[in-house]
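To be precise, the following lines are input-v2.cif, and they hold mmCIF, C-alpha atoms.
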data_work
loop_
_atom_site.label_atom_id
_atom_site.label_comp_id
_atom_site.auth_asym_id
_atom_site.auth_seq_id
_atom_site.Cartn_x
_atom_site.Cartn_y
_atom_site.Cartn_z
CA MET C 8 52.55 129.91 107.29
CA GLN C 9 52.55 133.35 105.71
CA ASN C 10 54.59 136.25 107.05
CA THR C 11 52.22 139.14 107.69
CA ALA C 12 54.76 141.43 109.36
CA LYS C 13 54.94 144.89 107.87
CA THR C 14 58.26 145.67 106.24
CA GLU C 15 59.42 149.21 106.87
CA LYS C 16 60.66 150.91 103.72
CA PRO C 17 64.09 152.50 104.04
CA ASP C 18 64.38 156.28 104.11
CA PRO C 19 64.73 157.47 100.48
CA ASN C 20 67.09 160.22 101.70
CA THR C 21 69.58 157.64 103.00
CA THR C 22 72.47 156.78 100.73
CA PRO C 23 72.94 153.03 100.89
CA PRO C 24 76.41 151.79 101.74
CA SER C 25 78.20 150.37 98.73
CA LEU C 26 78.16 146.63 98.25
CA ILE C 27 81.34 144.74 97.53
CA GLN C 28 80.43 142.00 95.05
CA GLY C 29 81.83 139.66 92.42
CA SER C 30 85.57 139.90 91.79
CA GLU C 31 85.83 142.73 94.37
CA LEU C 32 85.28 140.06 97.07
CA SER C 33 88.73 138.65 96.30
CA GLY C 34 90.96 139.63 99.19
CA GLN C 35 88.04 139.94 101.62
CA GLU C 36 88.32 136.37 102.98
CA LEU C 37 88.83 137.71 106.52
CA TYR C 38 85.07 138.43 106.59
CA PHE C 39 84.20 134.84 105.69
CA THR C 40 85.88 133.17 108.69
CA ASP C 41 86.11 133.47 112.47
CA GLU C 42 88.03 131.82 115.32
CA SER C 43 86.39 128.50 114.44
CA ARG C 44 88.65 128.51 111.35
CA LYS C 45 85.75 127.38 109.16
CA GLN C 46 85.70 129.21 105.81
CA GLY C 47 82.54 130.51 104.15
CA HIS C 48 81.57 132.50 101.05
CA ALA C 49 79.25 135.41 100.27
CA ASP C 50 77.53 137.14 97.39
CA ALA C 51 78.16 140.60 98.83
CA LEU C 52 79.84 142.43 101.71
CA ALA C 53 78.95 145.81 103.21
CA PHE C 54 80.27 148.10 105.96
CA PRO C 55 77.38 150.22 107.33
CA GLU C 56 78.10 153.04 109.76
CA ASN C 57 74.65 153.45 111.32
CA THR C 58 71.28 151.76 111.74
CA ALA C 59 69.73 153.57 108.76
CA GLU C 60 72.34 151.97 106.51
CA VAL C 61 71.72 148.57 108.11
CA SER C 62 68.01 149.02 107.39
CA GLU C 63 68.79 149.79 103.75
CA LEU C 64 71.01 146.71 103.50
CA VAL C 65 68.29 144.49 104.97
CA HIS C 66 65.89 145.87 102.37
CA ILE C 67 68.38 145.13 99.56
CA ALA C 68 68.97 141.60 100.89
CA LYS C 69 65.23 140.98 101.01
CA GLN C 70 64.84 142.15 97.40
CA LYS C 71 67.69 139.89 96.25
CA LYS C 72 66.52 137.01 98.48
CA TRP C 73 69.92 136.91 100.19
CA SER C 74 70.48 135.52 103.65
CA ILE C 75 72.27 137.92 106.02
CA THR C 76 75.30 137.11 108.13
CA VAL C 77 76.40 139.69 110.70
CA SER C 78 80.15 139.99 111.10
CA GLY C 79 81.51 141.71 114.18
CA ALA C 80 84.98 141.10 115.53
CA ARG C 81 84.76 137.41 114.52
CA THR C 82 86.12 136.17 117.86
CA GLY C 83 83.48 133.45 118.29
CA ILE C 84 84.44 129.79 118.06
CA THR C 85 81.05 128.43 116.99
CA ALA C 86 81.16 129.59 113.34
CA GLY C 87 78.33 132.07 113.92
CA ALA C 88 79.96 134.64 111.63
CA ILE C 89 80.55 132.22 108.75
CA PRO C 90 78.39 133.07 105.71
CA GLU C 91 77.03 130.45 103.37
CA GLY C 92 76.25 132.88 100.57
CA GLY C 93 74.13 135.99 100.82
CA LEU C 94 75.11 139.33 102.33
CA VAL C 95 77.73 139.83 105.03
CA ILE C 96 77.11 142.97 107.08
CA SER C 97 80.30 143.94 108.91
CA THR C 98 79.63 146.09 111.97
CA GLU C 99 83.25 147.19 112.43
CA ARG C 100 82.51 150.77 111.31
CA MET C 101 79.64 151.03 113.79
CA ASP C 102 82.11 151.82 116.55
CA SER C 103 80.80 154.89 118.34
CA ILE C 104 80.03 155.24 122.01
CA LEU C 105 76.82 157.28 121.84
CA GLY C 106 76.33 158.42 125.41
CA ILE C 107 76.12 157.68 129.11
CA ARG C 108 73.17 157.66 131.46
CA ARG C 109 73.27 157.77 135.25
CA LEU C 110 71.10 155.11 136.87
CA GLU C 111 69.17 155.42 140.11
CA ASP C 112 71.58 153.09 141.96
CA ASP C 113 74.55 155.43 141.26
CA ASN C 114 75.78 153.19 138.45
CA PHE C 115 75.94 154.19 134.80
CA ALA C 116 74.69 152.73 131.53
CA VAL C 117 76.66 153.24 128.33
CA LYS C 118 74.92 153.41 124.95
CA CYS C 119 77.12 152.31 122.09
CA GLN C 120 77.01 150.91 118.60
CA THR C 121 77.47 147.20 118.06
CA GLY C 122 81.03 147.43 116.67
CA VAL C 123 82.61 149.01 119.75
CA LEU C 124 85.34 146.71 121.02
CA LEU C 125 85.32 145.55 124.64
CA SER C 126 88.90 146.80 125.07
CA GLU C 127 87.89 150.31 123.95
CA LEU C 128 84.89 150.36 126.28
CA GLN C 129 86.94 149.07 129.23
CA ASN C 130 89.73 151.62 128.60
CA SER C 131 87.25 154.49 128.29
CA LEU C 132 85.53 153.46 131.52
CA ALA C 133 88.81 152.99 133.41
CA ASP C 134 90.08 156.42 132.35
CA ASN C 135 86.69 158.16 132.42
CA SER C 136 87.72 159.38 128.98
CA PHE C 137 85.43 159.27 125.98
CA ASP C 138 87.14 162.13 124.13
CA ASP C 139 86.74 160.71 120.64
CA HIS C 140 82.98 160.39 121.08
CA THR C 141 81.58 163.22 123.21
CA ALA C 142 81.25 165.82 120.42
CA GLN C 143 77.98 164.15 119.34
CA TRP C 144 76.66 163.45 122.86
CA SER C 145 73.59 165.05 124.39
CA ARG C 146 73.98 167.52 127.24
CA LYS C 147 72.55 164.89 129.60
CA SER C 148 75.26 162.38 128.59
CA CYS C 149 78.01 164.99 129.04
CA ASP C 150 76.65 165.82 132.51
CA ALA C 151 76.63 162.11 133.41
CA LEU C 152 80.26 161.87 132.27
CA LYS C 153 81.23 164.80 134.52
CA SER C 154 79.62 163.06 137.49
CA MET C 155 81.88 160.03 136.85
CA ASP C 156 85.03 162.06 137.66
CA ASN C 157 87.40 160.49 140.19
CA LYS C 158 85.43 157.25 140.23
CA HIS C 159 86.44 153.92 138.73
CA PHE C 160 84.04 151.96 136.54
CA PHE C 161 84.19 148.81 134.43
CA PHE C 162 81.99 146.62 132.27
CA PRO C 163 80.91 144.01 134.88
CA PRO C 164 80.58 140.78 132.84
CA ASP C 165 84.20 141.15 131.64
CA PRO C 166 84.41 138.43 128.99
CA THR C 167 87.95 137.18 128.52
CA GLU C 168 88.22 138.09 124.81
CA THR C 169 88.93 141.84 124.93
CA SER C 170 88.99 142.12 121.13
CA ALA C 171 85.32 141.03 120.98
CA SER C 172 82.71 143.57 119.90
CA ILE C 173 79.86 144.67 122.15
CA GLY C 174 77.34 143.39 119.59
CA GLY C 175 78.82 139.90 119.68
CA ILE C 176 79.13 139.94 123.45
CA THR C 177 75.47 140.89 123.75
CA ALA C 178 74.31 138.44 121.08
CA CYS C 179 75.85 135.42 122.82
CA ASN C 180 75.27 136.61 126.40
CA ALA C 181 79.00 136.42 127.07
CA SER C 182 80.36 136.09 130.55
CA GLY C 183 83.73 136.05 132.23
CA SER C 184 85.28 135.70 135.64
CA HIS C 185 83.23 138.60 137.04
CA SER C 186 79.93 137.00 136.02
CA LEU C 187 79.92 135.04 139.27
CA ALA C 188 79.46 138.32 141.12
CA TYR C 189 77.65 140.43 138.50
CA GLY C 190 76.02 137.95 136.14
CA PRO C 191 76.40 137.63 132.37
CA VAL C 192 75.62 140.42 129.92
CA ARG C 193 71.91 139.78 129.81
#
File written out as structure tokens:
Amino acid sequence: MQNTAKTEKPDPNTTPPSLIQGSELSGQELYFTDESRKQGHADALAFPENTAEVSELVHIAKQKKWSITVSGARTGITAGAIPEGGLVISTERMDSILGIRRLEDDNFAVKCQTGVLLSELQNSLADNSFDDHTAQWSRKSCDALKSMDNKHFFFPPDPTETSASIGGITACNASGSHSLAYGPVR
């Protein structure tokens, strides 16, 4: 079967993140393992900071015919973050909370990048404090944050591994003790 999907070309104004390759990969073994303790290997490693850089990396991997392994916090025990060659894209620098939206049911939705850690999200929600992030927020998000004052919020699924990243939690539909009442992430 032939793939007829259109491939979007990366923005030529975007500077691609640098690739760590060859002998520079020595000392980067942390990115080739996870809690499963299995060890992998890669042809290249990159640390994008936004989706435009991820798009550029996907384009590079396609040109080089590399497989792609996404590496978040590497807390999984199923070896999902173990590369068998190709490009490892670490999401750890994609760690910004991008905004908040008030929902109709008086709850809130948080928009964040995939590398945000659960512990950071939980602490920010508990304290109603997103100080490191709000400079880039829209006016609507800042207004939603003000309306959260003197209220207590949390991330309902509450997976037990607080060092997990939101991307990994979402990817595996993680759950925790609260999922009985609130359901899993999905």
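Closest approach to Thr58 (chain C) among C:Ala86, C:Val95, C:Cys119, C:Ile75 is made by C:Cys119 (distances from all atoms listed in the file).
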### Matched chain/residue IDs from the PyMOL selection byres ((chain C and resi 185) around 12), as an MDAnalysis selection string
chainID C and resid 161:167 181:184 186:192
### Query
Can you tell me, as a list of chain:residue names, what residues are no more than 8 Å from Thr169 (chain C) when counting all atoms listed in the file, ignoring any on the same chain fewer than 3 positions away?
C:Leu124, C:Leu125, C:Ser126, C:Pro166
#### Entry: Cut-off 12 Å around (69.7, 135.7, 106.1) with only C-alpha atoms: residues as a PyMOL selection string
chain C and resi 49-50+64-77+88-96
### Task
Any chance you could resolve the PyMOL selection byres ((chain C and resi 28) around 10) against this file and give the residues as a list of chain:residue names?
C:Ser25, C:Leu26, C:Ile27, C:Gly29, C:Ser30, C:Glu31, C:Leu32, C:Ser33, C:Ala49, C:Asp50, C:Ala51, C:Leu52, C:Ala53, C:Leu94
For the residues selected in the previous step, produce a file with C-alpha atoms as a compact mmCIF listing (two decimals), in the coordinates of the input.
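Listed below is the output, part.txt:
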# COMPACT_ATOMS: atom_id res chain seq x y z
CA SER C 25 78.20 150.37 98.73
CA LEU C 26 78.16 146.63 98.25
CA ILE C 27 81.34 144.74 97.53
CA GLY C 29 81.83 139.66 92.42
CA SER C 30 85.57 139.90 91.79
CA GLU C 31 85.83 142.73 94.37
CA LEU C 32 85.28 140.06 97.07
CA SER C 33 88.73 138.65 96.30
CA ALA C 49 79.25 135.41 100.27
CA ASP C 50 77.53 137.14 97.39
CA ALA C 51 78.16 140.60 98.83
CA LEU C 52 79.84 142.43 101.71
CA ALA C 53 78.95 145.81 103.21
CA LEU C 94 75.11 139.33 102.33
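Proximity of C:Ser43, C:Ser131, C:Asn180, C:Ser172 to Ser78 (chain C), computed with all atoms listed in the file, is greatest for C:Ser172.
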### Query
Counting all atoms listed in the file, what is within 10 Å of Thr141 (chain C), bar same-chain residues fewer than 2 positions away, as a PyMOL selection string?
chain C and resi 103-107+136-139+143-146+148-149+152
Could you please take those selected residues and save C-alpha atoms as a PDB file, in the frame of the given file?
ATOM      1  CA  SER C 103      80.800 154.890 118.340  1.00  0.00           C
ATOM      2  CA  ILE C 104      80.030 155.240 122.010  1.00  0.00           C
ATOM      3  CA  LEU C 105      76.820 157.280 121.840  1.00  0.00           C
ATOM      4  CA  GLY C 106      76.330 158.420 125.410  1.00  0.00           C
ATOM      5  CA  ILE C 107      76.120 157.680 129.110  1.00  0.00           C
ATOM      6  CA  SER C 136      87.720 159.380 128.980  1.00  0.00           C
ATOM      7  CA  PHE C 137      85.430 159.270 125.980  1.00  0.00           C
ATOM      8  CA  ASP C 138      87.140 162.130 124.130  1.00  0.00           C
ATOM      9  CA  ASP C 139      86.740 160.710 120.640  1.00  0.00           C
ATOM     10  CA  GLN C 143      77.980 164.150 119.340  1.00  0.00           C
ATOM     11  CA  TRP C 144      76.660 163.450 122.860  1.00  0.00           C
ATOM     12  CA  SER C 145      73.590 165.050 124.390  1.00  0.00           C
ATOM     13  CA  ARG C 146      73.980 167.520 127.240  1.00  0.00           C
ATOM     14  CA  SER C 148      75.260 162.380 128.590  1.00  0.00           C
ATOM     15  CA  CYS C 149      78.010 164.990 129.040  1.00  0.00           C
ATOM     16  CA  LEU C 152      80.260 161.870 132.270  1.00  0.00           C
TER      17      LEU C 152
END
### Query
If the PyMOL selection byres ((chain C and resi 108-110) around 9) is run on the structure shown, which residues does it catch, given as number ranges by chain?
C: 106-107, 111-118, 147-148, 150-152, 154
### Summary
Using only C-alpha atoms, the shortest atom-to-atom distance to Phe54 (chain C) among C:Asp102, C:Asp156, C:Glu36, C:Glu127 belongs to C:Asp102
### Task
Provide the CA of Ala80 (chain C) to CA of Ala171 (chain C) distance in Å, to one decimal place.
5.5 Å
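Note that the spacing between CA of Ala59 (chain C) and CA of Met101 (chain C) amounts to 11.4 Å.
Note that CA of Gln129 (chain C) and CA of Gly87 (chain C) are 24.4 Å apart.
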Box dimensions and centre (Å, one decimal) enclosing region 45-57 of chain C, axis-aligned, 8 Å extra per side, as AutoDock Vina command-line options:
--center_x 80.2 --center_y 140.4 --center_z 104.4 --size_x 27.1 --size_y 42.1 --size_z 29.9
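With only C-alpha atoms as the atoms that count, the minimum distance from Glu168 (chain C) to the choices C:Glu42, C:Glu63, C:Asp134, C:Glu56 is reached by C:Glu42.
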